[in-house]
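Down below is the structure, laid out as structure tokens.
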Amino acid sequence: MKQYSVLIIDDEPDIRQLMAMTLGRMDLDCSQAATVSEALQLLRERPFHFCLTDMKLPDGNGMDIIQLCHSRYPDMPVAMITAYGNMEMAIETLKAGAFDVVAKPVDITRLRELANAALRLTRVPVHMESLPSSDALLGQSAPMRQLKERIQKVARTQAPVFIFGESGTGKELVARLIHHQSSRAEGPFIPVNCGAIPKDLMESEFFGHKKGAFTGATGEKEGFFRAAEGGTLFLDEVAELPLDMQAKLLRVIQEKAIRAVGSEHEVPVDVRIVSASHKNLGKMVEDEKFRQDLFFRLNVIQLEVPRLCERSDDIPHLVQHFIRKYSKEWGMPEARLEPEAMQCLLNYEYPGNVRELENILQRAVTMAEGDEITAYDLHLPGQSSRPTSSLAVSNAENPNDASDDRSLNDGNLESTSSGISDIQHPIETSNLEMYLENIERSAITHALETTRWNKTAAAEKLGISFRALRYRCKKLRID
Ligand SMILES: Nc1ncnc2c1ncn2[C@@H]1O[C@H](COP(=O)(O)OP(=O)(O)OP(=O)(O)O)[C@@H](O)[C@H]1O
């Protein structure tokens, strides 16, 4: 007995036969229906793994089949085949829950790809629990539960998704989750920050280039589209794409083919596009800063990620997660959070959303005295700081930047009796990072040497906690 069954719905017998023959050769068990009522009868009689339906049927419309299957058989992907294809219709069909839309006459290779992609959903059911923990989208509040339900639905289609939400809300995690739960899960996930690519390199970064295509093109380059072949291309900060690049991207999405810089030929690409921005693209279209046609193509399905202050029920879980994560990462015992500190975290607004909460806790885990994180250790904006002098000056003015928590000021160092006398004003350096790291390393090494490598005494001498010293030694590789 064949393992997978497919229902083909089309009122033209020749087309039904052709599709049944093609799919039959893939060892699929094909049933055929010529009308909506015949299809409904077959669907009642037995389960199918995949369904292909024509748009215009004698007693109804393929859209009815899609809507019905979407609610009654949500696990069965349904693809629409139509001779009356236009962009608006395709978008409506995908919004109604279709797995994909294919134009007639159906190309046999495309039909095989479509069936393979649909059946992968059946073969590899991906559950959230099987995701790498770094990709887990935490949160059980009502808005997060709704979001996760929508993610699960959209993941089962090939439709482009636009993710909208403030910075730090977790848009990239949402995109990864869509990929992991889709039929493309075994393919690559390629994230691209559109705002970070120099304008003159954009075309070659996206579409690749041939050797010698321009000065400096010493070898061939693959480009993001080809790197994402068979998988998902995540266009983060898509609003930052310049208008000429928007036109090129639109063309690639429409043609499903790319031409590398310096090449004569187009090559087909099979990539699902998921995009994101914290900017209102609709407003940018009104202001003529974003192409309307590209906006329609990208925004077939829109997901909005809520701000953290709209789902404060999730804060305790996220807090526990980040404390555990950073304690483990730095080989420290898991710190406890004082109840007053939790209250401060619950009352705070988080303009930088989850990223800001993560950074606050990353810093607090590092800087806390002993194993308890107090409200002082959070350094929330507007909060008075611990009275004792500390090597780690709060960088609360820029809570989104705690990863670079090397906020030593020169005056502070000079007053730590560190023995550093070479700090001159004004200081000139072409590498501030390295300069500060060197100062930090000298201060710590000096303190360790003068205390005969007694870390507790050295920490005291430096005015920082033992945990902070351990973290800094690890970071600066001081053994
Ligand atoms: N729900 C969540 N559960 C766990 N971690 C989260 C969650 N949301 C965000 N994070 C963490 O917060 C940080 C920021 O998330 P992410 O990069 O996905 O946000 P973003 O909305 O794409 O930000 P930006 O717009 O600035 O690119 C990441 O370290 C991510 O792991």
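Letters A, B, ... mark the chains of the structure tokens in the order given; residue numbers begin at 1 per chain; ligand numbers begin at 1, in order shown.
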
For this session: Using only C-alpha atoms and all ligand atoms, determine which residues fall within 6 Å of ligand 1, then list them as a PyMOL selection string.
Result: chain A and resi 136-139+167-173+278+354-355

Using the selection just defined, write its residues with N, CA and C atoms as a compact mmCIF listing (two decimals), in the first residue's frame.
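Output below, filename selection.txt:
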```txt
# COMPACT_ATOMS: atom_id res chain seq x y z
N ALA A 136 14.08 29.32 21.23
CA ALA A 136 12.75 29.17 21.82
C ALA A 136 12.13 30.55 22.05
N LEU A 137 10.89 30.68 21.65
CA LEU A 137 10.17 31.94 21.85
C LEU A 137 9.39 31.78 23.15
N LEU A 138 9.91 32.36 24.22
CA LEU A 138 9.28 32.14 25.52
C LEU A 138 8.10 33.07 25.71
N GLY A 139 7.15 32.62 26.51
CA GLY A 139 6.01 33.47 26.84
C GLY A 139 4.72 32.70 26.71
N SER A 167 11.76 47.23 18.16
CA SER A 167 13.08 46.61 18.26
C SER A 167 13.18 45.82 19.57
N GLY A 168 13.77 44.62 19.45
CA GLY A 168 14.00 43.80 20.65
C GLY A 168 12.82 42.97 21.10
N THR A 169 11.73 42.95 20.31
CA THR A 169 10.54 42.19 20.73
C THR A 169 10.69 40.70 20.41
N GLY A 170 11.62 40.35 19.52
CA GLY A 170 11.82 38.93 19.20
C GLY A 170 11.43 38.59 17.77
N LYS A 171 11.53 39.57 16.85
CA LYS A 171 11.10 39.32 15.46
C LYS A 171 11.95 38.23 14.80
N GLU A 172 13.25 38.27 15.08
CA GLU A 172 14.10 37.24 14.45
C GLU A 172 13.75 35.84 14.99
N LEU A 173 13.43 35.77 16.29
CA LEU A 173 13.04 34.47 16.84
C LEU A 173 11.77 33.96 16.16
N HIS A 278 10.75 47.39 12.26
CA HIS A 278 10.06 48.08 13.35
C HIS A 278 9.35 49.32 12.79
N VAL A 354 12.40 42.82 25.02
CA VAL A 354 13.05 41.66 25.64
C VAL A 354 14.57 41.80 25.61
N ARG A 355 15.09 42.41 24.53
CA ARG A 355 16.55 42.57 24.47
C ARG A 355 17.05 43.38 25.67
```

For this session: Write out as a PyMOL selection string which residues come within 12 Å of segment 71-77 of chain A when counting only C-alpha atoms, dropping same-chain ones fewer than 3 positions away.
Result: chain A and resi 4-7+40+43-44+46-53+64-68+80+94+96-101+114-123+125+152-158+182-183

File of the preceding selection, C-alpha atoms, as a PDB file, in the first residue's frame:
```
ATOM      1  CA  TYR A   4       0.851   8.984   1.086  1.00  0.00           C
ATOM      2  CA  SER A   5      -2.479   9.912  -0.459  1.00  0.00           C
ATOM      3  CA  VAL A   6      -3.263  12.957  -2.571  1.00  0.00           C
ATOM      4  CA  LEU A   7      -6.615  14.391  -3.610  1.00  0.00           C
ATOM      5  CA  LEU A  40     -16.203  16.778  -0.026  1.00  0.00           C
ATOM      6  CA  LEU A  43     -12.666  13.979   2.208  1.00  0.00           C
ATOM      7  CA  ARG A  44     -15.395  12.606   4.474  1.00  0.00           C
ATOM      8  CA  ARG A  46     -10.806   8.996   4.194  1.00  0.00           C
ATOM      9  CA  PRO A  47      -7.873  11.165   5.247  1.00  0.00           C
ATOM     10  CA  PHE A  48      -5.491  12.702   2.657  1.00  0.00           C
ATOM     11  CA  HIS A  49      -1.959  13.950   3.137  1.00  0.00           C
ATOM     12  CA  PHE A  50      -2.153  16.641   0.480  1.00  0.00           C
ATOM     13  CA  CYS A  51      -4.771  18.256  -1.754  1.00  0.00           C
ATOM     14  CA  LEU A  52      -4.481  20.097  -5.072  1.00  0.00           C
ATOM     15  CA  THR A  53      -7.502  22.047  -6.229  1.00  0.00           C
ATOM     16  CA  ASP A  64     -14.366  27.146  -0.629  1.00  0.00           C
ATOM     17  CA  ILE A  65     -12.258  23.983  -0.493  1.00  0.00           C
ATOM     18  CA  ILE A  66      -9.326  25.880   1.004  1.00  0.00           C
ATOM     19  CA  GLN A  67     -11.442  27.532   3.684  1.00  0.00           C
ATOM     20  CA  LEU A  68     -13.197  24.309   4.570  1.00  0.00           C
ATOM     21  CA  MET A  80      -4.430  26.054  -5.519  1.00  0.00           C
ATOM     22  CA  LEU A  94      -2.584  32.377   0.593  1.00  0.00           C
ATOM     23  CA  ALA A  96      -7.207  32.039   3.249  1.00  0.00           C
ATOM     24  CA  GLY A  97      -4.695  29.357   4.285  1.00  0.00           C
ATOM     25  CA  ALA A  98      -3.553  27.796   0.980  1.00  0.00           C
ATOM     26  CA  PHE A  99      -0.223  26.022   1.137  1.00  0.00           C
ATOM     27  CA  ASP A 100       0.852  27.511  -2.213  1.00  0.00           C
ATOM     28  CA  VAL A 101      -0.555  28.839  -5.494  1.00  0.00           C
ATOM     29  CA  LEU A 114       5.175  21.305  -4.602  1.00  0.00           C
ATOM     30  CA  ALA A 115       4.210  17.752  -3.631  1.00  0.00           C
ATOM     31  CA  ASN A 116       7.581  17.126  -1.987  1.00  0.00           C
ATOM     32  CA  ALA A 117       7.341  20.325   0.047  1.00  0.00           C
ATOM     33  CA  ALA A 118       3.772  19.546   1.130  1.00  0.00           C
ATOM     34  CA  LEU A 119       4.623  15.988   2.129  1.00  0.00           C
ATOM     35  CA  ARG A 120       7.657  17.086   4.109  1.00  0.00           C
ATOM     36  CA  LEU A 121       5.179  18.735   6.468  1.00  0.00           C
ATOM     37  CA  THR A 122       3.581  15.338   6.991  1.00  0.00           C
ATOM     38  CA  ARG A 123       6.832  13.455   7.366  1.00  0.00           C
ATOM     39  CA  PRO A 125       6.241  17.289  12.103  1.00  0.00           C
ATOM     40  CA  GLN A 152       2.161  27.489  13.543  1.00  0.00           C
ATOM     41  CA  LYS A 153      -0.485  28.165  10.880  1.00  0.00           C
ATOM     42  CA  VAL A 154       1.598  30.380   8.617  1.00  0.00           C
ATOM     43  CA  ALA A 155       4.582  28.048   8.914  1.00  0.00           C
ATOM     44  CA  ARG A 156       2.581  25.397   7.083  1.00  0.00           C
ATOM     45  CA  THR A 157       2.256  27.532   3.948  1.00  0.00           C
ATOM     46  CA  GLN A 158       4.773  28.949   1.492  1.00  0.00           C
ATOM     47  CA  SER A 182       7.823  24.720   7.898  1.00  0.00           C
ATOM     48  CA  SER A 183       8.428  22.188   5.155  1.00  0.00           C
TER      49      SER A 183
END
```

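Here the residues within segment 124-252 of chain A that DSSP labels strand (DSSP E) on the basis of the backbone are Val161, Phe162, Ile163, Phe164, Phe189, Ile190, Pro191, Val192, Asn193, Thr232, Leu233, Phe234, Leu235 and Asp236 of chain A.
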
Problem set entry | Shell of 10 Å around segment 55-59 of chain A, only C-alpha atoms, local chain residues under 6 positions omitted, as number ranges by chain | A: 9-12, 34-38, 65-66, 80-85, 93, 101

Residue selection dump (N, CA and C atoms) as a CSV table (one decimal), in the first residue's frame:
```
chain,number,residue,atom,x,y,z
A,9,ILE,N,-8.3,17.8,-7.4
A,9,ILE,CA,-9.7,18.3,-7.7
A,9,ILE,C,-9.6,19.2,-8.9
A,10,ASP,N,-10.2,18.8,-10.1
A,10,ASP,CA,-10.1,19.6,-11.3
A,10,ASP,C,-11.2,19.1,-12.2
A,11,ASP,N,-12.0,20.0,-12.9
A,11,ASP,CA,-13.1,19.5,-13.7
A,11,ASP,C,-12.6,19.1,-15.1
A,12,GLU,N,-11.3,19.4,-15.4
A,12,GLU,CA,-10.8,18.9,-16.8
A,12,GLU,C,-10.1,17.6,-16.6
A,34,ALA,N,-14.1,15.8,-9.6
A,34,ALA,CA,-14.3,16.8,-10.7
A,34,ALA,C,-15.1,18.0,-10.2
A,35,THR,N,-15.7,17.8,-9.0
A,35,THR,CA,-16.5,18.9,-8.5
A,35,THR,C,-16.2,19.1,-7.0
A,36,VAL,N,-16.8,20.2,-6.4
A,36,VAL,CA,-16.6,20.4,-5.0
A,36,VAL,C,-17.3,19.3,-4.2
A,37,SER,N,-18.6,19.0,-4.7
A,37,SER,CA,-19.3,18.0,-3.9
A,37,SER,C,-18.6,16.6,-3.9
A,38,GLU,N,-18.0,16.2,-5.1
A,38,GLU,CA,-17.3,14.9,-5.1
A,38,GLU,C,-16.1,15.0,-4.1
A,65,ILE,N,-13.0,25.2,-1.0
A,65,ILE,CA,-12.3,24.0,-0.5
A,65,ILE,C,-11.2,24.4,0.5
A,66,ILE,N,-10.4,25.5,0.1
A,66,ILE,CA,-9.3,25.9,1.0
A,66,ILE,C,-9.8,26.3,2.4
A,80,MET,N,-3.5,25.6,-4.5
A,80,MET,CA,-4.4,26.1,-5.5
A,80,MET,C,-3.7,26.1,-6.9
A,81,ILE,N,-4.4,25.5,-7.9
A,81,ILE,CA,-3.9,25.6,-9.3
A,81,ILE,C,-4.9,26.4,-10.1
A,82,THR,N,-4.4,27.4,-10.8
A,82,THR,CA,-5.3,28.3,-11.4
A,82,THR,C,-4.8,28.8,-12.8
A,83,ALA,N,-5.8,29.0,-13.7
A,83,ALA,CA,-5.4,29.6,-15.0
A,83,ALA,C,-5.7,31.1,-15.0
A,84,TYR,N,-6.4,31.5,-13.9
A,84,TYR,CA,-6.8,32.9,-13.8
A,84,TYR,C,-5.9,33.7,-12.8
A,85,GLY,N,-4.7,33.3,-12.8
A,85,GLY,CA,-3.8,33.9,-11.8
A,85,GLY,C,-3.5,35.4,-11.9
A,93,THR,N,-5.7,34.0,-1.8
A,93,THR,CA,-5.7,32.5,-1.6
A,93,THR,C,-4.7,32.1,-0.5
A,101,VAL,N,0.3,28.6,-4.3
A,101,VAL,CA,-0.6,28.8,-5.5
A,101,VAL,C,0.3,28.6,-6.7
```

For this session: Quick one: pull the distance between atom CA of Gly195 of chain A and atom CA of Glu310 of chain A, Å, one decimal.
Result: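 Computing the Euclidean distance for atom CA of Gly195 of chain A and atom CA of Glu310 of chain A yields 27.3 Å.
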
Exercise. Which one is closest to Glu92 of chain A: A:Thr445, A:Asn438, A:Ser465, A:Asn299? Count only C-alpha atoms.
Worked result: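 Of the candidates, the smallest distance to Glu92 of chain A is held by A:Asn299.
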
For this session: Show which residues sit within 12 Å of Ser263 of chain A, as number ranges by chain. Count only C-alpha atoms, and ignore same-chain residues fewer than 6 positions away.
Result: A: 204, 207-214, 220-221

Filtering to C-alpha atoms, could you give me those residues as an mmCIF file, in the first residue's frame?
```cif
data_model
loop_
_atom_site.group_PDB
_atom_site.id
_atom_site.type_symbol
_atom_site.label_atom_id
_atom_site.label_comp_id
_atom_site.auth_asym_id
_atom_site.auth_seq_id
_atom_site.Cartn_x
_atom_site.Cartn_y
_atom_site.Cartn_z
ATOM 1 C CA SER A 204 26.341 41.232 -5.247
ATOM 2 C CA PHE A 207 22.463 37.785 -5.943
ATOM 3 C CA GLY A 208 26.167 36.870 -5.952
ATOM 4 C CA HIS A 209 28.786 37.770 -8.530
ATOM 5 C CA LYS A 210 31.043 36.168 -11.088
ATOM 6 C CA LYS A 211 34.805 36.300 -10.818
ATOM 7 C CA GLY A 212 36.050 39.583 -12.303
ATOM 8 C CA ALA A 213 32.544 41.138 -12.420
ATOM 9 C CA PHE A 214 33.971 44.318 -10.900
ATOM 10 C CA GLU A 220 32.889 33.913 -7.418
ATOM 11 C CA LYS A 221 30.325 34.776 -4.741
#
```

Exercise. Quick one: DSSP alpha helix (DSSP H) residues in segment 32-66 of chain A, as a ChimeraX atom specification?
Worked result: /A:36-45,62-66

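Closest to Met367 of chain A among A:Met89, A:Met19, A:Ala335, A:Leu346 is A:Ala335, based on only C-alpha atoms.
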
Exercise. So, counting only C-alpha atoms, which residue among A:Ala39, A:Ile108, A:Val365, A:Leu235 is closest to Leu23 of chain A?
Worked result: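 Checking each candidate against Leu23 of chain A, we get A:Ile108 as the closest.
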
Problem set entry | Atom-to-atom span, atom CA of Thr232 of chain A and atom CA of Ile273 of chain A, Å |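 Taking atom CA of Thr232 of chain A and atom CA of Ile273 of chain A, their separation equals 5.9 Å.
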
For this session: List the neighbours of Ser327 of chain A out to 12 Å using only C-alpha atoms; skip same-chain residues closer than 2 positions along the sequence, and give me the result as a PyMOL selection string.
Result: chain A and resi 320-325+329-336+361-368+371-373+467-468+470-471

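Take atom CA of Ile464 of chain A and atom CA of Ala447 of chain A: the distance between them is 11.5 Å.
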
Problem set entry | Close residues, Asp293 of chain A itself excluded, 12 Å, only C-alpha atoms, min 4 positions apart in chain, as a PyMOL selection string | chain A and resi 87-88+243+246-251+253-254+281-282+285+288+297-300

Keeping N, CA and C atoms for every residue in the selection just given, could you write it to a file as a PDB file, in the first residue's frame?
```pdb
ATOM      1  N   MET A  87      -1.901  38.650  -9.153  1.00  0.00           N
ATOM      2  CA  MET A  87      -1.248  38.756  -7.851  1.00  0.00           C
ATOM      3  C   MET A  87      -2.257  38.880  -6.711  1.00  0.00           C
ATOM      4  N   GLU A  88      -3.319  39.675  -6.906  1.00  0.00           N
ATOM      5  CA  GLU A  88      -4.293  39.882  -5.823  1.00  0.00           C
ATOM      6  C   GLU A  88      -4.952  38.564  -5.441  1.00  0.00           C
ATOM      7  N   LEU A 243      15.503  52.234  -2.808  1.00  0.00           N
ATOM      8  CA  LEU A 243      14.446  51.997  -3.809  1.00  0.00           C
ATOM      9  C   LEU A 243      14.920  51.160  -4.992  1.00  0.00           C
ATOM     10  N   GLN A 246      14.932  47.664  -3.998  1.00  0.00           N
ATOM     11  CA  GLN A 246      13.558  47.165  -3.844  1.00  0.00           C
ATOM     12  C   GLN A 246      13.032  46.662  -5.188  1.00  0.00           C
ATOM     13  N   ALA A 247      13.332  47.414  -6.264  1.00  0.00           N
ATOM     14  CA  ALA A 247      12.857  47.018  -7.599  1.00  0.00           C
ATOM     15  C   ALA A 247      13.481  45.681  -8.000  1.00  0.00           C
ATOM     16  N   LYS A 248      14.760  45.515  -7.696  1.00  0.00           N
ATOM     17  CA  LYS A 248      15.438  44.254  -8.074  1.00  0.00           C
ATOM     18  C   LYS A 248      14.883  43.080  -7.267  1.00  0.00           C
ATOM     19  N   LEU A 249      14.615  43.329  -6.014  1.00  0.00           N
ATOM     20  CA  LEU A 249      14.084  42.266  -5.158  1.00  0.00           C
ATOM     21  C   LEU A 249      12.695  41.841  -5.651  1.00  0.00           C
ATOM     22  N   LEU A 250      11.885  42.826  -6.014  1.00  0.00           N
ATOM     23  CA  LEU A 250      10.536  42.526  -6.511  1.00  0.00           C
ATOM     24  C   LEU A 250      10.619  41.615  -7.738  1.00  0.00           C
ATOM     25  N   ARG A 251      11.527  41.936  -8.604  1.00  0.00           N
ATOM     26  CA  ARG A 251      11.667  41.153  -9.836  1.00  0.00           C
ATOM     27  C   ARG A 251      12.037  39.704  -9.508  1.00  0.00           C
ATOM     28  N   ILE A 253      11.432  38.088  -6.773  1.00  0.00           N
ATOM     29  CA  ILE A 253      10.301  37.396  -6.133  1.00  0.00           C
ATOM     30  C   ILE A 253       9.297  36.968  -7.207  1.00  0.00           C
ATOM     31  N   GLN A 254       9.066  37.853  -8.182  1.00  0.00           N
ATOM     32  CA  GLN A 254       8.091  37.523  -9.239  1.00  0.00           C
ATOM     33  C   GLN A 254       8.600  36.424 -10.154  1.00  0.00           C
ATOM     34  N   LEU A 281       5.581  50.006   7.365  1.00  0.00           N
ATOM     35  CA  LEU A 281       5.835  49.989   5.918  1.00  0.00           C
ATOM     36  C   LEU A 281       4.694  50.648   5.147  1.00  0.00           C
ATOM     37  N   GLY A 282       3.461  50.481   5.661  1.00  0.00           N
ATOM     38  CA  GLY A 282       2.293  51.100   4.995  1.00  0.00           C
ATOM     39  C   GLY A 282       2.496  52.610   4.910  1.00  0.00           C
ATOM     40  N   VAL A 285       5.039  53.478   2.378  1.00  0.00           N
ATOM     41  CA  VAL A 285       4.487  53.426   1.013  1.00  0.00           C
ATOM     42  C   VAL A 285       3.794  54.758   0.712  1.00  0.00           C
ATOM     43  N   GLU A 288       6.067  57.368  -0.189  1.00  0.00           N
ATOM     44  CA  GLU A 288       6.838  56.982  -1.381  1.00  0.00           C
ATOM     45  C   GLU A 288       8.288  56.608  -1.065  1.00  0.00           C
ATOM     46  N   ARG A 297       3.755  42.214  -1.987  1.00  0.00           N
ATOM     47  CA  ARG A 297       4.383  40.887  -2.138  1.00  0.00           C
ATOM     48  C   ARG A 297       4.919  40.347  -0.818  1.00  0.00           C
ATOM     49  N   LEU A 298       5.511  41.252  -0.018  1.00  0.00           N
ATOM     50  CA  LEU A 298       6.132  40.803   1.243  1.00  0.00           C
ATOM     51  C   LEU A 298       5.105  40.610   2.350  1.00  0.00           C
ATOM     52  N   ASN A 299       4.058  41.425   2.286  1.00  0.00           N
ATOM     53  CA  ASN A 299       3.119  41.534   3.393  1.00  0.00           C
ATOM     54  C   ASN A 299       1.881  40.663   3.176  1.00  0.00           C
ATOM     55  N   VAL A 300       2.044  39.513   2.524  1.00  0.00           N
ATOM     56  CA  VAL A 300       0.877  38.648   2.270  1.00  0.00           C
ATOM     57  C   VAL A 300       0.258  38.269   3.607  1.00  0.00           C
TER      58      VAL A 300
END
```

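Using only C-alpha atoms, the smallest distance between any of A:Gln41, A:Leu476, A:Gln3, A:Arg112 and Asp27 of chain A comes from A:Gln3.
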